[in-house]
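Structure file structure-v1.tsv with TSV, C-alpha atoms:
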```
chain	number	residue	atom	x	y	z
Y	1	MET	CA	125.21	217.50	-73.81
Y	2	LEU	CA	125.15	215.68	-77.17
Y	3	LYS	CA	121.57	214.37	-77.03
Y	4	ASP	CA	120.26	216.73	-79.77
Y	5	PHE	CA	123.15	215.98	-82.13
Y	6	THR	CA	122.90	213.77	-85.19
Y	7	PRO	CA	125.09	210.61	-85.29
Y	8	GLN	CA	127.36	212.32	-87.81
Y	9	GLU	CA	127.70	215.39	-85.57
Y	10	ILE	CA	128.48	213.22	-82.52
Y	11	LYS	CA	131.19	211.39	-84.42
Y	12	ALA	CA	132.70	214.65	-85.66
Y	13	VAL	CA	132.56	216.42	-82.28
Y	14	LEU	CA	134.06	213.46	-80.40
Y	15	GLY	CA	136.89	213.10	-82.91
Y	16	ILE	CA	137.72	216.81	-82.95
Y	17	THR	CA	137.44	216.97	-79.15
Y	18	PHE	CA	139.94	214.13	-78.83
Y	19	ALA	CA	142.36	215.82	-81.23
Y	20	VAL	CA	142.10	219.17	-79.42
Y	21	ALA	CA	142.45	217.48	-76.01
Y	22	VAL	CA	145.60	215.69	-77.15
Y	23	ARG	CA	147.12	218.97	-78.31
Y	24	MET	CA	146.32	220.65	-75.01
Y	25	LEU	CA	147.55	217.60	-73.09
Y	26	GLY	CA	150.95	218.09	-74.68
Y	27	LEU	CA	150.96	221.68	-73.42
Y	28	PHE	CA	149.47	221.21	-69.93
Y	29	LEU	CA	151.32	218.01	-69.02
Y	30	LEU	CA	154.63	219.74	-69.60
Y	31	LEU	CA	153.83	223.01	-67.81
Y	32	PRO	CA	154.47	221.82	-64.22
Y	33	VAL	CA	157.60	219.80	-65.03
Y	34	LEU	CA	159.29	221.22	-68.13
Y	35	SER	CA	161.29	224.05	-66.56
Y	36	PRO	CA	163.15	221.89	-63.99
Y	37	TYR	CA	163.83	219.27	-66.66
Y	38	LEU	CA	165.27	221.82	-69.11
Y	39	LYS	CA	167.74	222.90	-66.44
Y	40	THR	CA	169.34	219.42	-66.65
Y	41	LEU	CA	169.96	219.62	-70.42
Y	42	GLU	CA	173.39	220.40	-71.81
Y	43	GLY	CA	173.97	224.10	-72.52
Y	44	SER	CA	170.91	225.30	-70.63
Y	45	SER	CA	170.66	228.79	-69.14
Y	46	PRO	CA	167.71	230.74	-67.71
Y	47	GLN	CA	167.31	232.66	-70.97
Y	48	LEU	CA	167.39	229.52	-73.12
Y	49	ILE	CA	165.01	227.70	-70.78
Y	50	GLY	CA	162.57	230.59	-71.19
Y	51	LEU	CA	163.05	230.46	-74.97
Y	52	ALA	CA	162.39	226.72	-75.06
Y	53	ILE	CA	159.17	227.16	-73.11
Y	54	GLY	CA	157.95	230.26	-74.92
Y	55	ILE	CA	158.83	229.40	-78.53
Y	56	TYR	CA	155.90	226.97	-78.72
Y	57	GLY	CA	153.43	229.80	-78.10
Y	58	PHE	CA	155.37	232.12	-80.42
Y	59	ALA	CA	155.06	229.67	-83.31
Y	60	GLN	CA	151.39	229.05	-82.51
Y	61	ALA	CA	150.55	232.74	-82.42
Y	62	PHE	CA	152.09	233.68	-85.75
Y	63	LEU	CA	151.07	230.60	-87.72
Y	64	GLN	CA	147.38	230.43	-86.78
Y	65	ILE	CA	146.40	232.94	-89.50
Y	66	PRO	CA	148.30	231.22	-92.34
Y	67	PHE	CA	146.97	227.79	-91.33
Y	68	GLY	CA	143.41	229.13	-91.04
Y	69	TYR	CA	143.68	230.78	-94.48
Y	70	LEU	CA	145.10	227.59	-96.02
Y	71	SER	CA	142.25	225.55	-94.50
Y	72	ASP	CA	139.77	227.87	-96.26
Y	73	LYS	CA	141.62	227.43	-99.54
Y	74	TYR	CA	142.64	223.76	-99.55
Y	75	GLY	CA	140.26	222.14	-97.05
Y	76	ARG	CA	140.24	221.57	-93.30
Y	77	LYS	CA	141.46	217.98	-93.03
Y	78	PRO	CA	144.65	218.20	-95.14
Y	79	ILE	CA	145.86	221.22	-93.16
Y	80	ILE	CA	144.93	219.68	-89.79
Y	81	ILE	CA	146.65	216.39	-90.61
Y	82	PHE	CA	149.78	218.20	-91.82
Y	83	GLY	CA	149.87	220.28	-88.64
Y	84	MET	CA	149.32	217.24	-86.42
Y	85	LEU	CA	152.15	215.39	-88.16
Y	86	THR	CA	154.55	218.26	-87.46
Y	87	TYR	CA	153.37	218.22	-83.83
Y	88	ILE	CA	154.10	214.49	-83.63
Y	89	LEU	CA	157.56	215.05	-85.13
Y	90	GLY	CA	158.30	217.83	-82.65
Y	91	SER	CA	157.10	215.69	-79.74
Y	92	VAL	CA	159.37	212.80	-80.72
Y	93	MET	CA	162.30	215.21	-81.12
Y	94	GLY	CA	161.52	216.67	-77.69
Y	95	GLY	CA	161.61	213.23	-76.12
Y	96	LEU	CA	164.97	212.52	-77.76
Y	97	ALA	CA	166.53	215.96	-77.11
Y	98	THR	CA	169.77	215.87	-75.09
Y	99	ASN	CA	170.70	219.56	-75.20
Y	100	ILE	CA	168.82	222.81	-74.89
Y	101	TRP	CA	169.15	223.84	-78.54
Y	102	SER	CA	167.71	220.59	-79.86
Y	103	MET	CA	164.84	221.07	-77.41
Y	104	ILE	CA	164.24	224.63	-78.68
Y	105	VAL	CA	164.00	223.30	-82.25
Y	106	ALA	CA	161.68	220.51	-81.09
Y	107	ARG	CA	159.38	222.93	-79.29
Y	108	PHE	CA	159.26	225.21	-82.34
Y	109	ILE	CA	158.27	222.29	-84.57
Y	110	GLN	CA	155.61	221.31	-82.02
Y	111	GLY	CA	154.22	224.83	-82.22
Y	112	PHE	CA	154.47	224.85	-86.02
Y	113	GLY	CA	151.39	222.62	-86.17
Y	114	ALA	CA	149.11	225.60	-85.48
Y	115	VAL	CA	145.84	223.90	-86.39
Y	116	SER	CA	143.55	225.16	-83.61
Y	117	SER	CA	141.77	227.55	-85.98
Y	118	ALA	CA	141.30	224.86	-88.61
Y	119	MET	CA	139.98	222.42	-85.99
Y	120	ILE	CA	137.41	224.90	-84.67
Y	121	ALA	CA	136.41	225.76	-88.25
Y	122	LEU	CA	135.98	222.04	-88.98
Y	123	ALA	CA	133.77	221.65	-85.90
Y	124	ALA	CA	131.69	224.63	-87.04
Y	125	ASP	CA	131.42	223.25	-90.59
Y	126	LEU	CA	130.21	219.84	-89.40
Y	127	THR	CA	127.60	221.00	-86.84
Y	128	ARG	CA	124.32	222.82	-87.23
Y	129	GLU	CA	124.11	226.36	-85.87
Y	130	GLU	CA	121.52	225.41	-83.23
Y	131	VAL	CA	123.91	222.94	-81.54
Y	132	ARG	CA	127.22	224.60	-82.32
Y	133	THR	CA	127.66	226.34	-78.97
Y	134	ARG	CA	127.23	223.00	-77.20
Y	135	ALA	CA	129.80	221.47	-79.53
Y	136	PHE	CA	132.28	224.17	-78.50
Y	137	ALA	CA	131.28	223.66	-74.86
Y	138	HIS	CA	132.09	219.96	-75.23
Y	139	ILE	CA	135.51	220.87	-76.62
Y	140	GLY	CA	136.00	223.46	-73.88
Y	141	ALA	CA	135.03	220.96	-71.18
Y	142	SER	CA	137.62	218.52	-72.49
Y	143	ILE	CA	140.29	221.23	-72.25
Y	144	GLY	CA	139.25	221.96	-68.67
Y	145	MET	CA	139.41	218.29	-67.74
Y	146	VAL	CA	142.78	217.89	-69.44
Y	147	PHE	CA	144.09	220.87	-67.49
Y	148	ALA	CA	142.80	219.47	-64.19
Y	149	LEU	CA	144.23	216.00	-64.85
Y	150	SER	CA	147.53	217.38	-66.12
Y	151	ILE	CA	148.37	219.49	-63.08
Y	152	THR	CA	147.43	216.51	-60.89
Y	153	LEU	CA	149.17	213.69	-62.77
Y	154	ALA	CA	152.12	215.32	-64.56
Y	155	PRO	CA	154.49	215.44	-61.55
Y	156	VAL	CA	153.61	211.82	-60.70
Y	157	ILE	CA	154.11	210.51	-64.25
Y	158	ALA	CA	157.32	212.51	-64.70
Y	159	GLY	CA	158.60	211.24	-61.35
Y	160	TYR	CA	158.13	207.59	-62.31
Y	161	MET	CA	158.63	207.63	-66.09
Y	162	GLY	CA	160.62	210.80	-66.77
Y	163	VAL	CA	159.75	213.92	-68.74
Y	164	PRO	CA	160.73	212.40	-72.13
Y	165	PHE	CA	157.95	209.85	-71.62
Y	166	LEU	CA	155.42	212.72	-71.63
Y	167	PHE	CA	156.68	213.81	-75.06
Y	168	PHE	CA	156.38	210.26	-76.42
Y	169	LEU	CA	152.93	209.82	-74.84
Y	170	THR	CA	151.55	212.91	-76.58
Y	171	ALA	CA	153.15	211.80	-79.87
Y	172	PHE	CA	151.38	208.43	-79.61
Y	173	LEU	CA	148.00	209.95	-78.73
Y	174	SER	CA	148.36	212.48	-81.55
Y	175	THR	CA	149.01	209.63	-83.99
Y	176	VAL	CA	145.76	207.99	-82.89
Y	177	ALA	CA	143.97	211.32	-83.36
Y	178	VAL	CA	145.39	211.72	-86.89
Y	179	ILE	CA	144.22	208.23	-87.88
Y	180	TYR	CA	140.72	208.94	-86.55
Y	181	LEU	CA	140.50	212.33	-88.29
Y	182	ALA	CA	141.81	210.90	-91.56
Y	183	PHE	CA	139.44	207.94	-91.81
Y	184	PHE	CA	136.36	208.72	-89.72
Y	185	ILE	CA	135.78	212.49	-89.93
Y	186	PRO	CA	134.41	213.78	-93.26
Y	187	GLU	CA	135.74	216.80	-95.08
Y	188	PRO	CA	133.02	219.51	-95.27
Y	189	LYS	CA	131.43	219.52	-98.71
Y	190	VAL	CA	132.21	223.05	-99.83
Y	191	HIS	CA	133.33	223.06	-103.44
Y	192	ALA	CA	135.03	225.92	-105.24
Y	193	GLN	CA	131.95	226.64	-107.34
Y	194	ASP	CA	129.79	226.82	-104.20
Y	195	ARG	CA	131.85	229.55	-102.54
Y	196	GLU	CA	130.37	233.02	-102.23
Y	197	ILE	CA	133.70	234.46	-101.07
Y	198	LYS	CA	136.87	233.20	-102.76
Y	199	PRO	CA	140.05	232.73	-100.68
Y	200	SER	CA	142.01	235.95	-101.18
Y	201	LEU	CA	144.52	238.08	-99.33
Y	202	LYS	CA	141.95	240.90	-99.58
Y	203	ASN	CA	139.93	239.00	-96.97
Y	204	PHE	CA	142.57	239.93	-94.37
Y	205	THR	CA	141.53	243.59	-94.58
Y	206	LEU	CA	137.87	242.61	-94.46
Y	207	LEU	CA	138.32	240.78	-91.15
Y	208	ILE	CA	140.77	243.21	-89.54
Y	209	THR	CA	138.23	246.03	-89.91
Y	210	ASP	CA	135.17	244.01	-88.87
Y	211	LYS	CA	133.88	245.21	-85.47
Y	212	ASN	CA	132.53	241.78	-84.52
Y	213	GLN	CA	135.91	240.20	-85.18
Y	214	ILE	CA	137.64	242.98	-83.23
Y	215	MET	CA	135.35	242.56	-80.21
Y	216	LEU	CA	135.60	238.78	-80.06
Y	217	ASN	CA	139.37	238.80	-80.67
Y	218	PHE	CA	139.74	241.32	-77.85
Y	219	SER	CA	137.61	239.11	-75.57
Y	220	ILE	CA	139.55	235.90	-76.16
Y	221	GLY	CA	142.86	237.77	-75.81
Y	222	ILE	CA	141.85	239.28	-72.46
Y	223	LEU	CA	140.47	235.96	-71.21
Y	224	HIS	CA	143.73	234.12	-71.88
Y	225	ALA	CA	145.84	237.01	-70.62
Y	226	PHE	CA	143.96	236.68	-67.33
Y	227	LEU	CA	144.48	232.90	-67.35
Y	228	VAL	CA	148.25	233.09	-67.74
Y	229	ALA	CA	148.66	236.10	-65.43
Y	230	ILE	CA	146.76	234.32	-62.66
Y	231	PHE	CA	148.79	231.14	-63.06
Y	232	THR	CA	151.99	233.17	-63.07
Y	233	VAL	CA	151.10	234.89	-59.79
Y	234	VAL	CA	148.87	232.57	-57.76
Y	235	PRO	CA	151.17	229.49	-57.60
Y	236	TYR	CA	154.05	231.78	-56.55
Y	237	GLU	CA	151.90	233.39	-53.85
Y	238	LEU	CA	150.67	230.02	-52.61
Y	239	ILE	CA	154.19	228.67	-52.19
Y	240	TYR	CA	156.22	231.64	-50.99
Y	241	ASN	CA	153.70	233.85	-49.18
Y	242	TYR	CA	151.07	231.41	-47.93
Y	243	HIS	CA	153.41	228.40	-47.53
Y	244	PHE	CA	151.04	226.04	-49.29
Y	245	PRO	CA	153.15	223.19	-50.74
Y	246	LYS	CA	153.16	222.75	-54.52
Y	247	PRO	CA	152.15	219.02	-54.45
Y	248	LYS	CA	148.87	220.12	-52.82
Y	249	HIS	CA	147.96	222.83	-55.34
Y	250	TRP	CA	145.70	220.39	-57.17
Y	251	GLU	CA	143.42	220.48	-54.11
Y	252	ILE	CA	142.53	224.03	-55.21
Y	253	TYR	CA	142.68	223.72	-58.99
Y	254	LEU	CA	140.79	220.46	-59.45
Y	255	PRO	CA	137.62	221.42	-57.49
Y	256	ALA	CA	137.66	224.86	-59.16
Y	257	VAL	CA	137.81	223.36	-62.65
Y	258	LEU	CA	135.15	220.71	-61.91
Y	259	LEU	CA	132.75	223.27	-60.39
Y	260	SER	CA	133.22	225.61	-63.35
Y	261	LEU	CA	132.51	222.77	-65.80
Y	262	ILE	CA	129.29	221.95	-63.91
Y	263	VAL	CA	128.23	225.60	-64.24
Y	264	MET	CA	129.23	225.70	-67.90
Y	265	VAL	CA	126.81	223.01	-69.11
Y	266	PRO	CA	123.47	224.67	-68.16
Y	267	SER	CA	124.75	228.16	-69.01
Y	268	THR	CA	125.70	227.00	-72.50
Y	269	ILE	CA	122.27	225.47	-73.03
Y	270	ILE	CA	120.60	228.67	-71.76
Y	271	ALA	CA	122.70	230.80	-74.11
Y	272	GLU	CA	121.99	228.58	-77.10
Y	273	LYS	CA	118.39	227.46	-76.64
Y	274	ARG	CA	116.99	230.59	-74.97
Y	275	GLY	CA	119.11	233.12	-76.83
Y	276	LYS	CA	120.76	234.50	-73.67
Y	277	PHE	CA	124.24	235.05	-75.11
Y	278	LYS	CA	124.50	238.58	-73.76
Y	279	GLU	CA	123.47	237.61	-70.23
Y	280	VAL	CA	125.83	234.64	-70.02
Y	281	PHE	CA	128.68	236.68	-71.55
Y	282	LEU	CA	128.25	239.46	-68.99
Y	283	MET	CA	127.91	236.96	-66.12
Y	284	GLY	CA	131.26	235.49	-67.16
Y	285	ILE	CA	132.95	238.89	-66.97
Y	286	LEU	CA	131.24	239.62	-63.64
Y	287	SER	CA	132.49	236.34	-62.16
Y	288	ILE	CA	136.08	237.17	-63.15
Y	289	PHE	CA	135.66	240.69	-61.74
Y	290	LEU	CA	134.45	239.28	-58.41
Y	291	GLY	CA	137.45	236.97	-58.21
Y	292	PHE	CA	139.92	239.82	-58.64
Y	293	LEU	CA	137.93	242.08	-56.29
Y	294	LEU	CA	137.82	239.51	-53.47
Y	295	TYR	CA	141.55	238.83	-53.74
Y	296	TYR	CA	142.26	242.57	-53.71
Y	297	LEU	CA	140.14	243.06	-50.58
Y	298	MET	CA	141.37	239.99	-48.71
Y	299	LYS	CA	145.02	239.70	-49.77
Y	300	ASN	CA	145.37	236.28	-48.14
Y	301	PHE	CA	145.31	232.56	-48.92
Y	302	TRP	CA	141.51	232.36	-49.13
Y	303	GLY	CA	141.44	235.39	-51.40
Y	304	SER	CA	143.71	233.58	-53.87
Y	305	VAL	CA	141.50	230.48	-53.66
Y	306	LEU	CA	138.37	232.55	-54.40
Y	307	LEU	CA	140.13	234.21	-57.33
Y	308	VAL	CA	140.86	230.81	-58.85
Y	309	PHE	CA	137.29	229.58	-58.29
Y	310	PHE	CA	135.53	232.68	-59.65
Y	311	PHE	CA	137.97	232.98	-62.55
Y	312	PHE	CA	137.37	229.42	-63.73
Y	313	ILE	CA	133.61	229.90	-63.53
Y	314	GLY	CA	133.90	233.02	-65.69
Y	315	PHE	CA	136.41	231.35	-67.98
Y	316	HIS	CA	134.14	228.39	-68.70
Y	317	LEU	CA	131.09	230.61	-69.16
Y	318	LEU	CA	132.94	232.52	-71.89
Y	319	GLU	CA	135.18	229.90	-73.50
Y	320	PRO	CA	132.46	228.12	-75.54
Y	321	ILE	CA	130.37	231.22	-76.26
Y	322	VAL	CA	133.05	233.46	-77.79
Y	323	PRO	CA	134.07	231.13	-80.68
Y	324	SER	CA	130.44	230.17	-81.22
Y	325	LEU	CA	129.49	233.83	-81.71
Y	326	LEU	CA	132.45	234.26	-84.03
Y	327	THR	CA	131.29	231.42	-86.30
Y	328	LYS	CA	127.72	232.77	-86.26
Y	329	LEU	CA	128.87	236.25	-87.30
Y	330	THR	CA	131.50	235.18	-89.85
Y	331	HIS	CA	130.72	233.93	-93.34
Y	332	ARG	CA	131.41	230.20	-93.67
Y	333	ASP	CA	133.93	230.81	-96.47
Y	334	LEU	CA	136.00	232.99	-94.11
Y	335	ARG	CA	135.83	230.81	-91.00
Y	336	GLY	CA	139.33	229.38	-91.23
Y	337	LEU	CA	140.97	232.78	-91.68
Y	338	SER	CA	138.70	234.38	-89.09
Y	339	LEU	CA	139.55	231.72	-86.51
Y	340	GLY	CA	143.20	232.14	-87.41
Y	341	PHE	CA	143.01	235.77	-86.27
Y	342	PHE	CA	141.01	234.64	-83.26
Y	343	ASN	CA	143.57	232.04	-82.11
Y	344	THR	CA	146.46	234.40	-82.80
Y	345	ASN	CA	144.91	236.85	-80.36
Y	346	GLN	CA	144.40	234.01	-77.89
Y	347	PHE	CA	148.10	233.11	-77.90
Y	348	LEU	CA	149.22	236.74	-77.92
Y	349	GLY	CA	146.95	237.32	-74.93
Y	350	ALA	CA	148.63	234.41	-73.16
Y	351	PHE	CA	152.05	235.88	-73.93
Y	352	LEU	CA	151.05	239.32	-72.59
Y	353	GLY	CA	149.49	237.65	-69.56
Y	354	GLY	CA	152.87	236.18	-68.69
Y	355	LEU	CA	154.46	239.64	-68.86
Y	356	TRP	CA	151.60	241.07	-66.82
Y	357	GLY	CA	152.02	238.46	-64.11
Y	358	GLY	CA	155.79	238.94	-64.12
Y	359	LEU	CA	155.40	242.67	-63.49
Y	360	ALA	CA	153.08	241.91	-60.58
Y	361	LEU	CA	155.61	239.55	-59.04
Y	362	LYS	CA	158.42	242.06	-59.48
Y	363	HIS	CA	156.61	245.16	-58.22
Y	364	SER	CA	153.33	244.52	-56.42
Y	365	LEU	CA	150.29	242.27	-56.60
Y	366	ASP	CA	148.18	245.42	-56.89
Y	367	TYR	CA	149.58	246.00	-60.40
Y	368	LEU	CA	147.67	242.94	-61.54
Y	369	LEU	CA	144.56	243.20	-59.39
Y	370	LEU	CA	143.73	246.89	-59.91
Y	371	SER	CA	144.47	246.87	-63.63
Y	372	ALA	CA	142.47	243.63	-64.06
Y	373	LEU	CA	139.49	245.21	-62.29
Y	374	MET	CA	139.62	248.22	-64.62
Y	375	VAL	CA	139.91	245.97	-67.67
Y	376	CYS	CA	136.85	243.98	-66.51
Y	377	VAL	CA	134.80	247.17	-66.15
Y	378	LEU	CA	135.76	248.39	-69.64
Y	379	TRP	CA	135.25	244.90	-71.08
Y	380	SER	CA	131.71	244.71	-69.67
Y	381	VAL	CA	130.85	248.17	-71.06
Y	382	PHE	CA	132.22	247.29	-74.52
Y	383	THR	CA	130.31	243.99	-74.42
Y	384	TYR	CA	127.00	245.62	-73.50
Y	385	VAL	CA	127.34	248.26	-76.25
Y	386	TRP	CA	128.41	245.63	-78.80
Y	387	PHE	CA	125.48	243.33	-78.09
Y	388	SER	CA	123.11	246.33	-78.26
Y	389	SER	CA	124.47	247.19	-81.72
Y	390	LEU	CA	123.99	243.58	-82.83
Y	391	GLN	CA	120.38	243.69	-81.71
Y	392	SER	CA	119.74	246.97	-83.49
Y	393	GLU	CA	121.28	245.59	-86.69
Y	394	SER	CA	119.44	242.24	-86.23
Y	395	LYS	CA	122.72	240.40	-86.83
Y	396	LEU	CA	121.58	237.41	-84.80
Y	397	GLY	CA	118.03	238.49	-84.12
Y	398	LYS	CA	116.80	239.80	-80.80
Y	399	SER	CA	115.63	236.37	-79.75
Y	400	SER	CA	119.19	235.09	-80.07
Y	401	LEU	CA	120.72	237.79	-77.90
```
Can you present the structure in this file as structure tokens?
Amino acid sequence: MLKDFTPQEIKAVLGITFAVAVRMLGLFLLLPVLSPYLKTLEGSSPQLIGLAIGIYGFAQAFLQIPFGYLSDKYGRKPIIIFGMLTYILGSVMGGLATNIWSMIVARFIQGFGAVSSAMIALAADLTREEVRTRAFAHIGASIGMVFALSITLAPVIAGYMGVPFLFFLTAFLSTVAVIYLAFFIPEPKVHAQDREIKPSLKNFTLLITDKNQIMLNFSIGILHAFLVAIFTVVPYELIYNYHFPKPKHWEIYLPAVLLSLIVMVPSTIIAEKRGKFKEVFLMGILSIFLGFLLYYLMKNFWGSVLLVFFFFIGFHLLEPIVPSLLTKLTHRDLRGLSLGFFNTNQFLGAFLGGLWGGLALKHSLDYLLLSALMVCVLWSVFTYVWFSSLQSESKLGKSSL
């Protein structure tokens, strides 16, 4: 996937991929084991356990925009390194926490390092436009692999080493990532006098009203709402309705993730080299739609399996393309702030997805499946109209879309 990249681009993409993977490892490794562990801490209650789990995403969602703006103003690397250092501090505090309130503070500090937008902006700054989608696909593939490995290995590692070890492991790996970013990844050479758009609070209004930003923010929010809603509902259904034991869930998730990553590589190349962004985008939505439709029609174990498989295919068709389009359609001087809005919508989508899945568990699975099908239909219509407007305005050129 990196054969057309320059040596400098390969070094940058690999370093940023490692840093992003480490951040996601800290999130995914803890997902299967954190809740039971929090129950053992002094002063824990169901409400405080939920707060300890959710406060990480809360901090991430509301700090992405400030961190993205600051990376535009002061440079990518200083902001990323600062954020990673706070993540390391929070991870160490999490490993040392002995009561629920100290864990809540630790998780908030972990989330305070909201550098996803700055990392994506750095990757965009250090890669040429013609290979940028593949760079994002490489980062997306690493996240998929981290997810697959995490849900497989986390219960085993936690069983032998304990949950605190997972906190210390991510702190160590994050330290390695910081050292690599600090000494081996260059800061993009954009000087104050070279800027066409100066960092300003007025840029917030510019991006909030931009239709391209609105469409892509909506897309990433919906995508991650689906992700969290599915993983709120499907594991519950597998255990309590289909009597499929939790230790065997990886037998579904791992093949689904690996298959979707195999599909992602050629689709990303087709989108980038042949200018088929619209087709790949719509195929991603269609795949997700088929997953929900099959589960709605079947309402059994195999329906849930097909939902997971088709969702991950759609997810990995869209995950690299959406941020790539955002960086193509956003001025380079606004990338950090733009990606801040983008990642805020991603985390807010994940939060709403949890509520969505919770409603489905409380009332009926149809609440999720029927509403998701309607959202997919509207999403595909909005996408088709949006791409048509881009072509008519020649934003990317007809050959690119």
Subject >> Using only C-alpha atoms: which of Y:Val13, Y:Ile65, Y:Leu378, Y:Ala225 has the shortest distance to Phe341 (chain Y) >> reply: Y:Ile65
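Of the listed residues (Y:Ala123, Y:Ala61, Y:Ile313, Y:Ala177), Y:Ala61 comes nearest to Leu348 (chain Y); the distances count only C-alpha atoms.
You will find CA of Phe147 (chain Y) at 21.3 Å from CA of Leu38 (chain Y).
Residue nearest Ser338 (chain Y), chosen from Y:Ser304, Y:Asn241, Y:Ser142, Y:Ser71 and counting all atoms listed in the file: Y:Ser71.
Of note, CA of Lys278 (chain Y) and CA of Arg128 (chain Y) are spaced 20.7 Å apart.
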Original post:
Excluding same-chain residues fewer than 3 positions from Ala59 (chain Y), what lies within 9 Å of it counting all atoms listed in the file, as a PyMOL selection string?
Top reply: chain Y and resi 54-56+62-64+107-114
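Closest to Ile262 (chain Y) among Y:Leu286, Y:Ala141, Y:Ala350, Y:Leu365 is Y:Ala141, based on all atoms listed in the file.
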**OP:** Please provide as number ranges by chain all residues within 12 Å of Ala135 (chain Y), with the sequence filter that same-chain residues fewer than 4 positions apart are discarded (counting only C-alpha atoms).
**Re:** Y: 1-6, 9-17, 120-131, 139-142, 265, 268-269, 272, 319-321, 323-324
Original post:
Which residue gives the smallest distance to Leu27 (chain Y) among Y:Thr344, Y:Ser102, Y:Thr330, Y:Gln60, with only C-alpha atoms counted?
Top reply: Y:Gln60
Subject >> Option closest in space to Phe172 (chain Y), from Y:Cys376, Y:Met145, Y:Val280, Y:Leu25 [counting only C-alpha atoms] >> reply: Y:Leu25
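Here CA of Leu359 (chain Y) is placed at a distance of 17.7 Å from CA of Pro46 (chain Y).
Excluding region 42-44 of chain Y itself and any same-chain residue fewer than 3 positions from it, the protein and nucleic acid residues within 10 Å of it, counting all atoms listed in the file, are Leu38, Lys39, Gln47, Leu48, Ile49, Gly50, Ala52, Ala97, Thr98, Asn99, Ile100, Trp101 and Ser102 of chain Y.
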Original post:
What would the list of residues within 6 Å of (127.6, 242.0, -70.9) (file frame) look like as a PyMOL selection string, if all atoms listed in the file are what count?
Top reply: chain Y and resi 278+281-282+380+383-384
Original post:
Which residues, written as a list in words, have at least one atom at most 9 Å from Pro186 (chain Y), with all atoms listed in the file counted and residues fewer than 2 positions away on the same chain left out?
Top reply: Ala12, Lys77, Leu126, Leu181, Ala182, Phe183, Phe184, Pro188 and Lys189 of chain Y
What would the file be for region 359-392 of chain Y if you keep C-alpha atoms and write it as an mmCIF file, in the first residue's frame?
```cif
data_model
loop_
_atom_site.group_PDB
_atom_site.id
_atom_site.type_symbol
_atom_site.label_atom_id
_atom_site.label_comp_id
_atom_site.auth_asym_id
_atom_site.auth_seq_id
_atom_site.Cartn_x
_atom_site.Cartn_y
_atom_site.Cartn_z
ATOM 1 C CA LEU Y 359 -32.943 2.192 23.687
ATOM 2 C CA ALA Y 360 -32.981 -0.871 21.436
ATOM 3 C CA LEU Y 361 -32.045 -3.139 24.323
ATOM 4 C CA LYS Y 362 -34.687 -1.592 26.559
ATOM 5 C CA HIS Y 363 -37.574 -1.534 24.085
ATOM 6 C CA SER Y 364 -37.043 -3.570 20.918
ATOM 7 C CA LEU Y 365 -34.335 -4.457 18.431
ATOM 8 C CA ASP Y 366 -36.570 -2.985 15.723
ATOM 9 C CA TYR Y 367 -35.936 0.502 17.154
ATOM 10 C CA LEU Y 368 -32.346 0.212 15.990
ATOM 11 C CA LEU Y 369 -32.806 -1.771 12.786
ATOM 12 C CA LEU Y 370 -35.688 0.191 11.224
ATOM 13 C CA SER Y 371 -34.297 3.599 12.149
ATOM 14 C CA ALA Y 372 -30.832 2.578 10.891
ATOM 15 C CA LEU Y 373 -32.323 1.494 7.562
ATOM 16 C CA MET Y 374 -34.068 4.861 7.180
ATOM 17 C CA VAL Y 375 -30.878 6.723 8.084
ATOM 18 C CA CYS Y 376 -28.945 4.720 5.449
ATOM 19 C CA VAL Y 377 -31.492 5.626 2.764
ATOM 20 C CA LEU Y 378 -31.347 9.341 3.628
ATOM 21 C CA TRP Y 379 -27.548 9.199 3.934
ATOM 22 C CA SER Y 380 -27.212 7.688 0.444
ATOM 23 C CA VAL Y 381 -29.524 10.341 -1.053
ATOM 24 C CA PHE Y 382 -27.616 13.191 0.648
ATOM 25 C CA THR Y 383 -24.327 11.661 -0.527
ATOM 26 C CA TYR Y 384 -25.452 11.362 -4.155
ATOM 27 C CA VAL Y 385 -26.735 14.961 -4.230
ATOM 28 C CA TRP Y 386 -23.583 16.248 -2.505
ATOM 29 C CA PHE Y 387 -21.217 14.534 -4.927
ATOM 30 C CA SER Y 388 -23.304 15.833 -7.851
ATOM 31 C CA SER Y 389 -22.934 19.386 -6.531
ATOM 32 C CA LEU Y 390 -19.171 18.892 -6.183
ATOM 33 C CA GLN Y 391 -18.964 17.778 -9.795
ATOM 34 C CA SER Y 392 -21.008 20.721 -11.015
#
```
